[in-house]
>>> print(open('query-v4.txt').read())   # compact mmCIF, C-alpha atoms (C1' of nucleotides)
# COMPACT_ATOMS: atom_id res chain seq x y z
CA MET A 1 17.14 5.22 -15.86
CA PHE A 2 17.72 4.92 -12.12
CA SER A 3 15.21 3.54 -9.64
CA LYS A 4 13.39 5.92 -7.31
CA ALA A 5 15.42 4.50 -4.45
CA CYS A 6 18.61 5.38 -6.29
CA GLU A 7 17.44 8.89 -7.06
CA TYR A 8 16.60 9.39 -3.39
CA ALA A 9 19.99 7.96 -2.41
CA ILE A 10 21.92 10.39 -4.58
CA ARG A 11 19.82 13.36 -3.55
CA ALA A 12 20.21 12.45 0.13
CA THR A 13 23.95 11.91 -0.15
CA LEU A 14 24.47 15.23 -1.88
CA LEU A 15 22.37 17.01 0.71
CA VAL A 16 24.33 15.49 3.57
CA ALA A 17 27.58 16.37 1.82
CA SER A 18 26.64 19.99 1.24
CA HIS A 19 25.70 20.38 4.89
CA SER A 20 28.84 18.62 6.06
CA LEU A 21 30.83 21.17 4.10
CA MET A 22 29.32 23.70 6.50
CA ASP A 23 29.89 21.43 9.52
CA GLU A 24 26.20 20.73 9.90
CA ARG A 25 24.66 17.39 10.74
CA VAL A 26 21.28 16.56 9.19
CA SER A 27 18.46 14.30 10.35
CA VAL A 28 16.42 12.01 8.13
CA LYS A 29 13.51 14.37 8.62
CA ASP A 30 15.55 17.28 7.28
CA ILE A 31 16.89 15.21 4.41
CA ALA A 32 13.43 14.10 3.35
CA GLU A 33 12.15 17.66 3.55
CA ALA A 34 15.06 19.15 1.62
CA THR A 35 14.98 16.54 -1.13
CA ALA A 36 11.20 16.12 -1.35
CA SER A 37 11.43 12.42 -0.55
CA PRO A 38 9.29 10.11 1.64
CA VAL A 39 10.73 10.11 5.16
CA ALA A 40 10.56 6.44 6.12
CA PHE A 41 11.74 5.27 2.73
CA THR A 42 14.64 7.69 2.89
CA ALA A 43 15.49 6.36 6.36
CA LYS A 44 15.95 2.87 4.92
CA ILE A 45 18.21 4.21 2.22
CA MET A 46 20.29 6.14 4.74
CA GLN A 47 20.91 2.88 6.57
CA GLN A 48 22.32 1.33 3.41
CA LEU A 49 24.52 4.34 2.73
CA ASN A 50 25.76 4.22 6.31
CA ARG A 51 26.39 0.47 6.35
CA CYS A 52 28.58 0.63 3.29
CA GLY A 53 30.50 3.64 4.53
CA ILE A 54 29.46 6.24 1.98
CA LEU A 55 28.50 8.45 4.92
CA TYR A 56 28.12 7.92 8.64
CA SER A 57 25.41 8.31 11.20
CA VAL A 58 25.35 9.54 14.76
CA GLN A 59 22.58 8.06 16.86
CA GLY A 60 20.67 9.62 19.71
CA LYS A 61 19.48 13.12 20.34
CA GLN A 62 21.17 15.71 18.14
CA GLY A 63 22.20 12.81 15.93
CA GLY A 64 21.94 12.60 12.19
CA PHE A 65 24.09 12.06 9.13
CA GLU A 66 27.43 13.46 8.11
CA MET A 67 30.24 12.92 5.65
CA THR A 68 33.92 13.68 5.89
CA LYS A 69 35.55 15.52 3.04
CA GLU A 70 37.49 12.31 2.39
CA GLN A 71 34.23 10.42 1.95
CA MET A 72 32.96 13.08 -0.44
CA GLN A 73 36.11 12.85 -2.52
CA ALA A 74 36.28 9.08 -2.42
CA THR A 75 32.66 8.47 -3.35
CA LYS A 76 31.86 8.44 -7.03
CA LEU A 77 28.26 8.57 -8.19
CA SER A 78 28.74 5.21 -9.86
CA GLN A 79 29.25 3.67 -6.42
CA ILE A 80 25.92 4.90 -5.14
CA VAL A 81 24.17 3.69 -8.28
CA THR A 82 25.80 0.28 -8.00
CA LEU A 83 24.96 0.02 -4.32
CA ILE A 84 21.26 0.68 -4.85
CA ASP A 85 20.53 -0.53 -8.37
CA GLY A 86 23.33 -2.99 -9.00
CA ASP A 87 25.46 -2.85 -12.12
CA ARG A 88 22.74 -3.66 -14.62
CA VAL A 89 22.64 -0.08 -15.89
CA PHE A 90 26.38 -0.25 -16.56
CA THR A 91 26.73 -3.75 -17.96
CA GLY A 92 23.28 -4.96 -18.98
CA CYS A 93 22.09 -5.42 -22.55
CA GLY A 94 19.90 -2.63 -23.89
CA LEU A 95 17.35 -5.18 -25.06
CA GLY A 96 17.51 -7.18 -21.84
CA LEU A 97 19.33 -10.25 -23.15
CA ARG A 98 21.11 -12.29 -20.51
CA GLU A 99 24.14 -12.89 -22.67
CA CYS A 100 24.98 -10.16 -25.10
CA ASN A 101 28.56 -9.52 -26.07
CA ALA A 102 30.77 -8.91 -29.05
CA LEU A 103 30.70 -12.60 -29.92
CA LYS A 104 26.92 -12.89 -29.81
CA PRO A 105 25.60 -9.35 -29.90
CA CYS A 106 22.03 -8.14 -29.88
CA PRO A 107 21.15 -5.85 -32.79
CA LEU A 108 21.69 -2.78 -30.64
CA HIS A 109 24.84 -3.99 -28.91
CA GLU A 110 27.45 -1.79 -30.49
CA ARG A 111 25.54 1.46 -30.44
CA PHE A 112 24.20 0.88 -26.95
CA SER A 113 27.55 -0.08 -25.46
CA SER A 114 28.92 3.21 -26.61
CA VAL A 115 26.27 5.31 -24.89
CA ARG A 116 26.37 3.15 -21.79
CA GLY A 117 30.12 3.63 -21.65
CA GLU A 118 29.70 7.37 -21.63
CA LEU A 119 27.18 7.12 -18.83
CA LYS A 120 29.53 4.98 -16.80
CA ALA A 121 32.48 7.26 -17.48
CA MET A 122 30.49 10.29 -16.41
CA LEU A 123 29.38 8.66 -13.16
CA ASP A 124 32.88 7.30 -12.52
CA GLU A 125 34.41 10.73 -12.98
CA THR A 126 31.92 12.57 -10.81
CA THR A 127 32.47 12.58 -7.06
CA VAL A 128 30.05 13.58 -4.38
CA LEU A 129 32.32 16.51 -3.55
CA ASP A 130 32.18 17.76 -7.14
CA LEU A 131 28.42 18.08 -6.94
CA ALA A 132 28.14 19.13 -3.30
CA LEU A 133 30.10 22.32 -3.92
CA GLY A 134 27.57 23.77 -6.35
CA LEU A 135 24.79 22.79 -4.01
CA LYS A 136 26.40 24.53 -1.04
CA ASP A 137 26.87 27.67 -3.13
CA GLY A 138 23.22 27.72 -4.14
CA LEU A 139 23.98 27.09 -7.80
CA THR A 140 22.11 23.81 -7.98
CA PHE A 141 19.01 22.39 -6.29
CA LEU A 142 17.54 19.19 -4.92
CA ARG A 143 13.89 20.11 -5.01
CA THR A 144 11.56 22.54 -6.73
CA MET B 1 17.19 1.75 -18.64
CA PHE B 2 14.12 0.58 -20.54
CA SER B 3 11.20 -1.30 -19.03
CA LYS B 4 10.80 -5.01 -19.72
CA ALA B 5 7.79 -4.18 -21.85
CA CYS B 6 9.93 -1.87 -23.93
CA GLU B 7 12.69 -4.44 -24.34
CA TYR B 8 10.11 -6.97 -25.50
CA ALA B 9 8.62 -4.41 -27.87
CA ILE B 10 11.94 -3.69 -29.56
CA ARG B 11 12.90 -7.34 -29.76
CA ALA B 12 9.50 -8.24 -31.21
CA THR B 13 9.56 -5.43 -33.74
CA LEU B 14 13.03 -6.37 -34.94
CA LEU B 15 12.03 -10.00 -35.26
CA VAL B 16 8.95 -9.14 -37.29
CA ALA B 17 11.03 -6.84 -39.46
CA SER B 18 13.71 -9.41 -40.17
CA HIS B 19 11.08 -11.93 -41.18
CA SER B 20 9.21 -9.41 -43.29
CA LEU B 21 12.46 -8.84 -45.20
CA MET B 22 12.10 -12.47 -46.23
CA ASP B 23 8.37 -12.09 -46.90
CA GLU B 24 7.44 -14.16 -43.90
CA ARG B 25 4.63 -13.44 -41.49
CA VAL B 26 5.13 -14.33 -37.83
CA SER B 27 2.65 -15.26 -35.09
CA VAL B 28 2.83 -14.08 -31.48
CA LYS B 29 3.79 -17.61 -30.54
CA ASP B 30 6.76 -17.53 -32.89
CA ILE B 31 7.76 -14.05 -31.75
CA ALA B 32 7.70 -15.05 -28.09
CA GLU B 33 9.72 -18.14 -28.84
CA ALA B 34 12.30 -16.35 -30.97
CA THR B 35 12.78 -13.51 -28.51
CA ALA B 36 12.49 -15.53 -25.29
CA SER B 37 9.55 -13.43 -24.10
CA PRO B 38 6.31 -14.36 -22.31
CA VAL B 39 3.63 -15.09 -24.91
CA ALA B 40 0.58 -13.35 -23.49
CA PHE B 41 2.53 -10.31 -22.41
CA THR B 42 4.06 -10.07 -25.85
CA ALA B 43 0.59 -10.31 -27.38
CA LYS B 44 -0.46 -7.17 -25.51
CA ILE B 45 2.58 -5.33 -26.72
CA MET B 46 1.95 -6.40 -30.30
CA GLN B 47 -1.50 -4.83 -30.05
CA GLN B 48 0.07 -1.52 -29.09
CA LEU B 49 2.59 -1.68 -31.90
CA ASN B 50 -0.21 -2.49 -34.31
CA ARG B 51 -2.55 0.23 -33.08
CA CYS B 52 0.04 2.91 -33.55
CA GLY B 53 1.06 1.69 -36.98
CA ILE B 54 4.62 0.59 -36.29
CA LEU B 55 3.70 -2.75 -37.82
CA TYR B 56 0.44 -4.38 -38.88
CA SER B 57 -1.43 -7.54 -38.06
CA VAL B 58 -3.41 -9.99 -40.12
CA GLN B 59 -6.13 -11.78 -38.20
CA GLY B 60 -7.45 -15.27 -38.62
CA LYS B 61 -5.78 -18.52 -39.62
CA GLN B 62 -2.37 -18.01 -41.19
CA GLY B 63 -2.43 -14.57 -39.68
CA GLY B 64 0.34 -12.84 -37.78
CA PHE B 65 2.46 -9.74 -37.88
CA GLU B 66 4.31 -8.02 -40.69
CA MET B 67 6.02 -4.78 -41.58
CA THR B 68 6.50 -3.05 -44.88
CA LYS B 69 9.95 -1.86 -45.75
CA GLU B 70 8.54 1.66 -45.51
CA GLN B 71 7.52 1.00 -41.91
CA MET B 72 10.97 -0.34 -41.13
CA GLN B 73 12.60 2.74 -42.57
CA ALA B 74 10.18 5.15 -41.00
CA THR B 75 10.32 3.68 -37.51
CA LYS B 76 13.13 4.91 -35.31
CA LEU B 77 13.90 3.10 -32.10
CA SER B 78 13.12 6.26 -30.17
CA GLN B 79 9.51 5.97 -31.34
CA ILE B 80 9.11 2.50 -29.86
CA VAL B 81 10.69 3.61 -26.61
CA THR B 82 8.42 6.64 -26.41
CA LEU B 83 5.36 4.56 -27.22
CA ILE B 84 5.98 2.06 -24.43
CA ASP B 85 7.91 4.00 -21.78
CA GLY B 86 7.01 7.59 -22.55
CA ASP B 87 9.62 10.29 -22.92
CA ARG B 88 10.91 10.24 -19.37
CA VAL B 89 14.14 8.55 -20.41
CA PHE B 90 14.74 11.31 -22.94
CA THR B 91 13.65 14.35 -20.99
CA GLY B 92 13.50 13.41 -17.30
CA CYS B 93 15.92 14.62 -14.64
CA GLY B 94 18.59 12.11 -13.66
CA LEU B 95 17.77 12.63 -10.02
CA GLY B 96 14.02 12.48 -10.57
CA LEU B 97 13.22 16.16 -10.01
CA ARG B 98 9.99 17.33 -11.57
CA GLU B 99 11.41 20.60 -12.73
CA CYS B 100 15.06 20.55 -13.59
CA ASN B 101 16.42 22.86 -16.25
CA ALA B 102 19.23 25.26 -16.99
CA LEU B 103 17.57 27.92 -14.84
CA LYS B 104 17.11 25.69 -11.81
CA PRO B 105 19.34 22.68 -12.38
CA CYS B 106 19.92 19.67 -10.19
CA PRO B 107 23.56 19.03 -9.34
CA LEU B 108 23.84 16.47 -12.11
CA HIS B 109 21.91 18.40 -14.73
CA GLU B 110 24.65 19.42 -17.11
CA ARG B 111 26.56 16.15 -17.15
CA PHE B 112 23.42 14.05 -17.33
CA SER B 113 21.82 16.07 -20.12
CA SER B 114 24.85 15.41 -22.23
CA VAL B 115 24.71 11.64 -21.88
CA ARG B 116 20.96 11.60 -22.28
CA GLY B 117 21.34 13.61 -25.46
CA GLU B 118 23.67 11.00 -26.88
CA LEU B 119 21.20 8.27 -26.03
CA LYS B 120 18.40 10.15 -27.73
CA ALA B 121 20.52 10.90 -30.77
CA MET B 122 21.48 7.26 -31.08
CA LEU B 123 17.88 6.07 -30.86
CA ASP B 124 16.72 8.81 -33.23
CA GLU B 125 19.30 7.86 -35.81
CA THR B 126 18.66 4.14 -35.66
CA THR B 127 15.79 2.74 -37.68
CA VAL B 128 14.21 -0.66 -37.42
CA LEU B 129 15.52 -1.44 -40.90
CA ASP B 130 19.08 -0.65 -39.84
CA LEU B 131 18.94 -3.31 -37.17
CA ALA B 132 16.77 -5.84 -38.98
CA LEU B 133 19.35 -6.30 -41.71
CA GLY B 134 22.03 -7.66 -39.39
CA LEU B 135 19.47 -9.88 -37.79
CA LYS B 136 18.34 -11.33 -41.11
CA ASP B 137 21.95 -12.02 -42.04
CA GLY B 138 22.57 -13.88 -38.80
CA LEU B 139 25.04 -11.30 -37.54
CA THR B 140 23.03 -10.36 -34.47
CA PHE B 141 20.68 -12.21 -32.13
CA LEU B 142 17.52 -11.79 -30.09
CA ARG B 143 17.99 -14.61 -27.63
CA THR B 144 20.73 -16.80 -26.20
C1' DC C 1 18.21 10.15 36.45
C1' DA C 2 14.23 11.22 33.39
C1' DG C 3 12.66 12.66 29.17
C1' DA C 4 12.97 13.57 24.49
C1' DA C 5 15.07 13.35 19.96
C1' DA C 6 17.06 10.66 16.77
C1' DA C 7 18.68 6.35 14.11
C1' DA C 8 17.88 1.10 13.54
C1' DG C 9 15.14 -2.20 12.07
C1' DG C 10 11.02 -5.35 11.54
C1' DA C 11 6.46 -5.83 9.70
C1' DT C 12 3.14 -4.50 6.67
C1' DA C 13 0.59 -1.90 3.02
C1' DA C 14 -0.01 0.37 -1.49
C1' DT C 15 1.23 0.85 -6.12
C1' DT C 16 3.25 -0.35 -10.38
C1' DT C 17 5.00 -3.61 -13.41
C1' DT C 18 5.02 -7.95 -15.19
C1' DG C 19 2.72 -11.97 -16.41
C1' DT C 20 -1.38 -15.36 -17.10
C1' DC C 21 -5.96 -17.02 -18.39
C1' DC C 22 -10.05 -17.14 -20.81
C1' DT C 23 -13.46 -15.80 -24.24
C1' DA C 24 -14.73 -13.58 -28.55
C1' DT C 25 -13.81 -12.63 -33.21
C1' DT C 26 -11.63 -13.23 -37.64
C1' DT C 27 -10.17 -15.91 -41.55
C1' DA C 28 -7.89 -19.61 -44.25
C1' DA C 29 -8.30 -24.26 -45.55
C1' DA C 30 -10.19 -28.87 -45.57
C1' DT D 1 -19.73 -25.20 -44.19
C1' DT D 2 -17.19 -26.71 -40.53
C1' DT D 3 -12.95 -26.61 -38.18
C1' DA D 4 -8.80 -24.92 -36.62
C1' DA D 5 -5.44 -21.32 -36.15
C1' DA D 6 -4.72 -16.91 -35.27
C1' DT D 7 -5.35 -11.89 -33.27
C1' DA D 8 -8.20 -8.83 -29.92
C1' DG D 9 -9.19 -7.82 -25.61
C1' DG D 10 -11.00 -8.11 -20.78
C1' DA D 11 -10.20 -9.84 -16.22
C1' DC D 12 -7.24 -11.43 -13.05
C1' DA D 13 -2.72 -12.95 -10.56
C1' DA D 14 2.07 -12.60 -9.20
C1' DA D 15 6.11 -10.14 -8.32
C1' DA D 16 8.78 -6.14 -7.64
C1' DT D 17 9.08 -1.58 -6.16
C1' DT D 18 7.77 2.08 -3.39
C1' DA D 19 6.00 3.68 0.86
C1' DT D 20 4.24 3.60 5.74
C1' DC D 21 3.88 2.30 10.63
C1' DC D 22 5.52 0.89 14.91
C1' DT D 23 8.85 -0.63 18.37
C1' DT D 24 13.59 -0.69 20.07
C1' DT D 25 17.93 1.34 20.98
C1' DT D 26 21.01 5.12 21.50
C1' DT D 27 22.43 9.43 23.37
C1' DC D 28 22.02 14.27 24.41
C1' DT D 29 20.04 17.64 27.66
C1' DG D 30 17.69 19.33 31.50
>>> encode(input="query-v4.txt", output="structure tokens")
Amino acid sequence: MFSKACEYAIRATLLVASHSLMDERVSVKDIAEATASPVAFTAKIMQQLNRCGILYSVQGKQGGFEMTKEQMQATKLSQIVTLIDGDRVFTGCGLGLRECNALKPCPLHERFSSVRGELKAMLDETTVLDLALGLKDGLTFLRT
Amino acid sequence: MFSKACEYAIRATLLVASHSLMDERVSVKDIAEATASPVAFTAKIMQQLNRCGILYSVQGKQGGFEMTKEQMQATKLSQIVTLIDGDRVFTGCGLGLRECNALKPCPLHERFSSVRGELKAMLDETTVLDLALGLKDGLTFLRT
DNA sequence: CAGAAAAAGGATAATTTTGTCCTATTTAAA
DNA sequence: TTTAAATAGGACAAAATTATCCTTTTTCTG
């Protein structure tokens, strides 16, 4: 469904958010540990998330990553997915056709569009804050 | 969503089915052409589809691939997906966690399970025959 | 100021997925 | 019976994704 990179990106963002709710800053090392992700790969992803303003970084000793509550509210999961994986999962044809639309549909077009629409709606409606709350309260988890 | 191999597999199967509805046998070359897929790669996929009985092949000159109407009716899209991509798309965690369930859910678990369930239901309810009919009638397409 | 901890970023490696090539085997038709 | 067209299948190549390593820069703390 999503690429590994995208899974790591969402897990990392949610971890940073849940810690920011408790006014804690987290390092890449901590993020990787808490989300069971490869450290260096996660570091690259954090740079992307920082560059596009989903969260922000503080360099130097005692540095790390943080999010404001505004960022958590403003960031929908669909944005993270689009940033890392592009919009193929939201707009692409289920059978991989370049051009597939109501005028020239693939055999699966109608049924697939419907499901894809629900996926997009769900990710559009879900903010980072929505998910970070349950994580902070220990109701949900980011690793086994 | 699905791998390239899986997209090719579904496209190829539907093409074979639509031709079989007209009592025509199709070669790998024709399938690749009609579905805009790489020939040799498609050939490998056809072997898989043949081995597991989704369709059948006839070797030698004038050979190719065919499906019986029974095969078309019996084969649900979910079977092809599972054959090529495994069941990760149907059962896997949206955030890639190994163990993610109601007891120890990831932050996205509930919302994601719902969408994934709709996808599975759609692919379970859709047979190859369902889709091959529109294709035979020129209502849907497998390439631009 | 010196040292250490942390992000930034470039280069490279490993793995997986996708794609190609070539030979062997099968079978219909001339 | 020979030839050609087709699938079967093994080996290999290319590309994309995932992952690691190393150096530089930043900044806090002693």
>>> closest_atom_pairs(input="query-v4.txt", of="chain C", to="chain B", cutoff="7 Å", atoms="only C-alpha atoms (C1' of nucleotides)", output="JSON lines")
{"residue": "C:DG19", "atom": "C1'", "partner": "B:Phe41", "partner_atom": "CA", "distance": 6.2}
{"residue": "C:DT20", "atom": "C1'", "partner": "B:Ala40", "partner_atom": "CA", "distance": 7.0}
{"residue": "C:DT26", "atom": "C1'", "partner": "B:Gly60", "partner_atom": "CA", "distance": 4.8}
{"residue": "C:DT27", "atom": "C1'", "partner": "B:Gly60", "partner_atom": "CA", "distance": 4.0}
{"residue": "C:DA28", "atom": "C1'", "partner": "B:Lys61", "partner_atom": "CA", "distance": 5.2}
>>> atom_distance(input="query-v4.txt", atom1="atom CA of Thr75 of chain A", atom2="atom CA of Leu14 of chain A")
10.7 Å
>>> interface_residues(input="query-v4.txt", of="chain B", to="chain A", cutoff="10 Å", atoms="only C-alpha atoms", output="JSON, numbers by chain")
{"B": [1, 2, 3, 4, 6, 7, 8, 9, 10, 11, 14, 35, 36, 77, 88, 89, 90, 92, 93, 94, 95, 96, 97, 98, 99, 100, 102, 103, 104, 105, 106, 107, 108, 109, 111, 112, 114, 115, 116, 117, 118, 119, 120, 121, 122, 123, 126, 128, 130, 131, 132, 133, 134, 135, 139, 140, 141, 142, 143, 144]}
>>> interface_residues(input="query-v4.txt", of="chain D", to="chain B", cutoff="9 Å", atoms="all atoms listed in the file", output="PyMOL selection string")
chain D and resi 4-9
>>> calpha_fit_and_write(input="query-v4.txt", fixed="chain B", moving="chain A", output="mmCIF file with C-alpha atoms, keeping the file's coordinate frame")
data_model
loop_
_atom_site.group_PDB
_atom_site.id
_atom_site.type_symbol
_atom_site.label_atom_id
_atom_site.label_comp_id
_atom_site.auth_asym_id
_atom_site.auth_seq_id
_atom_site.Cartn_x
_atom_site.Cartn_y
_atom_site.Cartn_z
ATOM 1 C CA MET A 1 17.184 1.753 -18.621
ATOM 2 C CA PHE A 2 14.125 0.568 -20.533
ATOM 3 C CA SER A 3 11.205 -1.303 -19.008
ATOM 4 C CA LYS A 4 10.804 -5.014 -19.700
ATOM 5 C CA ALA A 5 7.797 -4.179 -21.839
ATOM 6 C CA CYS A 6 9.941 -1.865 -23.933
ATOM 7 C CA GLU A 7 12.687 -4.431 -24.326
ATOM 8 C CA TYR A 8 10.114 -6.975 -25.478
ATOM 9 C CA ALA A 9 8.627 -4.405 -27.862
ATOM 10 C CA ILE A 10 11.938 -3.696 -29.558
ATOM 11 C CA ARG A 11 12.902 -7.347 -29.749
ATOM 12 C CA ALA A 12 9.496 -8.243 -31.205
ATOM 13 C CA THR A 13 9.564 -5.422 -33.734
ATOM 14 C CA LEU A 14 13.022 -6.360 -34.938
ATOM 15 C CA LEU A 15 12.027 -9.993 -35.245
ATOM 16 C CA VAL A 16 8.954 -9.140 -37.284
ATOM 17 C CA ALA A 17 11.031 -6.830 -39.463
ATOM 18 C CA SER A 18 13.711 -9.408 -40.166
ATOM 19 C CA HIS A 19 11.079 -11.937 -41.181
ATOM 20 C CA SER A 20 9.224 -9.407 -43.300
ATOM 21 C CA LEU A 21 12.451 -8.833 -45.187
ATOM 22 C CA MET A 22 12.106 -12.474 -46.219
ATOM 23 C CA ASP A 23 8.365 -12.104 -46.900
ATOM 24 C CA GLU A 24 7.440 -14.167 -43.877
ATOM 25 C CA ARG A 25 4.608 -13.445 -41.492
ATOM 26 C CA VAL A 26 5.114 -14.336 -37.822
ATOM 27 C CA SER A 27 2.647 -15.242 -35.083
ATOM 28 C CA VAL A 28 2.822 -14.069 -31.488
ATOM 29 C CA LYS A 29 3.779 -17.599 -30.537
ATOM 30 C CA ASP A 30 6.755 -17.505 -32.896
ATOM 31 C CA ILE A 31 7.745 -14.040 -31.745
ATOM 32 C CA ALA A 32 7.691 -15.034 -28.093
ATOM 33 C CA GLU A 33 9.711 -18.151 -28.840
ATOM 34 C CA ALA A 34 12.295 -16.351 -30.961
ATOM 35 C CA THR A 35 12.780 -13.498 -28.510
ATOM 36 C CA ALA A 36 12.492 -15.514 -25.290
ATOM 37 C CA SER A 37 9.555 -13.436 -24.093
ATOM 38 C CA PRO A 38 6.293 -14.361 -22.299
ATOM 39 C CA VAL A 39 3.638 -15.088 -24.923
ATOM 40 C CA ALA A 40 0.574 -13.355 -23.498
ATOM 41 C CA PHE A 41 2.526 -10.309 -22.418
ATOM 42 C CA THR A 42 4.074 -10.065 -25.858
ATOM 43 C CA ALA A 43 0.590 -10.313 -27.386
ATOM 44 C CA LYS A 44 -0.467 -7.180 -25.505
ATOM 45 C CA ILE A 45 2.586 -5.339 -26.724
ATOM 46 C CA MET A 46 1.954 -6.402 -30.311
ATOM 47 C CA GLN A 47 -1.486 -4.830 -30.062
ATOM 48 C CA GLN A 48 0.061 -1.510 -29.083
ATOM 49 C CA LEU A 49 2.595 -1.684 -31.894
ATOM 50 C CA ASN A 50 -0.192 -2.491 -34.333
ATOM 51 C CA ARG A 51 -2.552 0.223 -33.098
ATOM 52 C CA CYS A 52 0.034 2.923 -33.559
ATOM 53 C CA GLY A 53 1.065 1.681 -36.977
ATOM 54 C CA ILE A 54 4.626 0.590 -36.285
ATOM 55 C CA LEU A 55 3.689 -2.756 -37.826
ATOM 56 C CA TYR A 56 0.451 -4.392 -38.878
ATOM 57 C CA SER A 57 -1.427 -7.530 -38.055
ATOM 58 C CA VAL A 58 -3.415 -9.987 -40.104
ATOM 59 C CA GLN A 59 -6.117 -11.784 -38.168
ATOM 60 C CA GLY A 60 -7.442 -15.281 -38.632
ATOM 61 C CA LYS A 61 -5.788 -18.503 -39.604
ATOM 62 C CA GLN A 62 -2.366 -18.032 -41.175
ATOM 63 C CA GLY A 63 -2.425 -14.550 -39.681
ATOM 64 C CA GLY A 64 0.329 -12.847 -37.780
ATOM 65 C CA PHE A 65 2.471 -9.736 -37.886
ATOM 66 C CA GLU A 66 4.315 -8.032 -40.689
ATOM 67 C CA MET A 67 6.026 -4.785 -41.563
ATOM 68 C CA THR A 68 6.506 -3.053 -44.872
ATOM 69 C CA LYS A 69 9.958 -1.850 -45.769
ATOM 70 C CA GLU A 70 8.540 1.673 -45.505
ATOM 71 C CA GLN A 71 7.525 1.003 -41.911
ATOM 72 C CA MET A 72 10.987 -0.344 -41.138
ATOM 73 C CA GLN A 73 12.616 2.748 -42.583
ATOM 74 C CA ALA A 74 10.174 5.157 -41.007
ATOM 75 C CA THR A 75 10.326 3.690 -37.519
ATOM 76 C CA LYS A 76 13.119 4.913 -35.310
ATOM 77 C CA LEU A 77 13.916 3.105 -32.082
ATOM 78 C CA SER A 78 13.120 6.276 -30.179
ATOM 79 C CA GLN A 79 9.510 5.959 -31.333
ATOM 80 C CA ILE A 80 9.121 2.502 -29.870
ATOM 81 C CA VAL A 81 10.704 3.612 -26.607
ATOM 82 C CA THR A 82 8.424 6.633 -26.407
ATOM 83 C CA LEU A 83 5.364 4.557 -27.211
ATOM 84 C CA ILE A 84 6.001 2.063 -24.422
ATOM 85 C CA ASP A 85 7.931 3.992 -21.787
ATOM 86 C CA GLY A 86 7.014 7.579 -22.546
ATOM 87 C CA ASP A 87 9.630 10.282 -22.926
ATOM 88 C CA ARG A 88 10.919 10.235 -19.371
ATOM 89 C CA VAL A 89 14.153 8.531 -20.412
ATOM 90 C CA PHE A 90 14.756 11.302 -22.946
ATOM 91 C CA THR A 91 13.656 14.353 -20.992
ATOM 92 C CA GLY A 92 13.509 13.409 -17.319
ATOM 93 C CA CYS A 93 15.926 14.604 -14.654
ATOM 94 C CA GLY A 94 18.609 12.109 -13.678
ATOM 95 C CA LEU A 95 17.780 12.636 -10.016
ATOM 96 C CA GLY A 96 14.033 12.487 -10.590
ATOM 97 C CA LEU A 97 13.209 16.154 -10.015
ATOM 98 C CA ARG A 98 9.970 17.320 -11.578
ATOM 99 C CA GLU A 99 11.422 20.604 -12.724
ATOM 100 C CA CYS A 100 15.067 20.560 -13.602
ATOM 101 C CA ASN A 101 16.405 22.865 -16.260
ATOM 102 C CA ALA A 102 19.213 25.260 -16.980
ATOM 103 C CA LEU A 103 17.561 27.919 -14.840
ATOM 104 C CA LYS A 104 17.099 25.669 -11.822
ATOM 105 C CA PRO A 105 19.330 22.674 -12.404
ATOM 106 C CA CYS A 106 19.894 19.664 -10.206
ATOM 107 C CA PRO A 107 23.546 19.034 -9.341
ATOM 108 C CA LEU A 108 23.840 16.463 -12.106
ATOM 109 C CA HIS A 109 21.898 18.397 -14.727
ATOM 110 C CA GLU A 110 24.642 19.403 -17.095
ATOM 111 C CA ARG A 111 26.551 16.153 -17.145
ATOM 112 C CA PHE A 112 23.411 14.050 -17.331
ATOM 113 C CA SER A 113 21.823 16.065 -20.121
ATOM 114 C CA SER A 114 24.856 15.412 -22.218
ATOM 115 C CA VAL A 115 24.709 11.637 -21.875
ATOM 116 C CA ARG A 116 20.951 11.606 -22.277
ATOM 117 C CA GLY A 117 21.337 13.603 -25.467
ATOM 118 C CA GLU A 118 23.654 10.999 -26.886
ATOM 119 C CA LEU A 119 21.197 8.268 -26.016
ATOM 120 C CA LYS A 120 18.396 10.138 -27.713
ATOM 121 C CA ALA A 121 20.510 10.891 -30.768
ATOM 122 C CA MET A 122 21.486 7.254 -31.090
ATOM 123 C CA LEU A 123 17.883 6.061 -30.864
ATOM 124 C CA ASP A 124 16.710 8.815 -33.220
ATOM 125 C CA GLU A 125 19.304 7.855 -35.802
ATOM 126 C CA THR A 126 18.653 4.133 -35.655
ATOM 127 C CA THR A 127 15.780 2.732 -37.692
ATOM 128 C CA VAL A 128 14.208 -0.659 -37.427
ATOM 129 C CA LEU A 129 15.525 -1.440 -40.903
ATOM 130 C CA ASP A 130 19.088 -0.640 -39.838
ATOM 131 C CA LEU A 131 18.942 -3.300 -37.157
ATOM 132 C CA ALA A 132 16.766 -5.820 -38.986
ATOM 133 C CA LEU A 133 19.356 -6.286 -41.721
ATOM 134 C CA GLY A 134 22.023 -7.654 -39.392
ATOM 135 C CA LEU A 135 19.449 -9.879 -37.784
ATOM 136 C CA LYS A 136 18.325 -11.329 -41.112
ATOM 137 C CA ASP A 137 21.946 -12.019 -42.039
ATOM 138 C CA GLY A 138 22.573 -13.879 -38.800
ATOM 139 C CA LEU A 139 25.053 -11.309 -37.529
ATOM 140 C CA THR A 140 23.032 -10.359 -34.480
ATOM 141 C CA PHE A 141 20.669 -12.210 -32.141
ATOM 142 C CA LEU A 142 17.517 -11.778 -30.102
ATOM 143 C CA ARG A 143 17.979 -14.607 -27.661
ATOM 144 C CA THR A 144 20.723 -16.789 -26.246
#
>>> atom_distance(input="query-v4.txt", atom1="atom C1' of DG10 of chain D", atom2="atom C1' of DC22 of chain C")
9.1 Å
>>> atom_distance(input="query-v4.txt", atom1="atom CA of Ala34 of chain A", atom2="atom CA of Asp137 of chain A")
15.3 Å
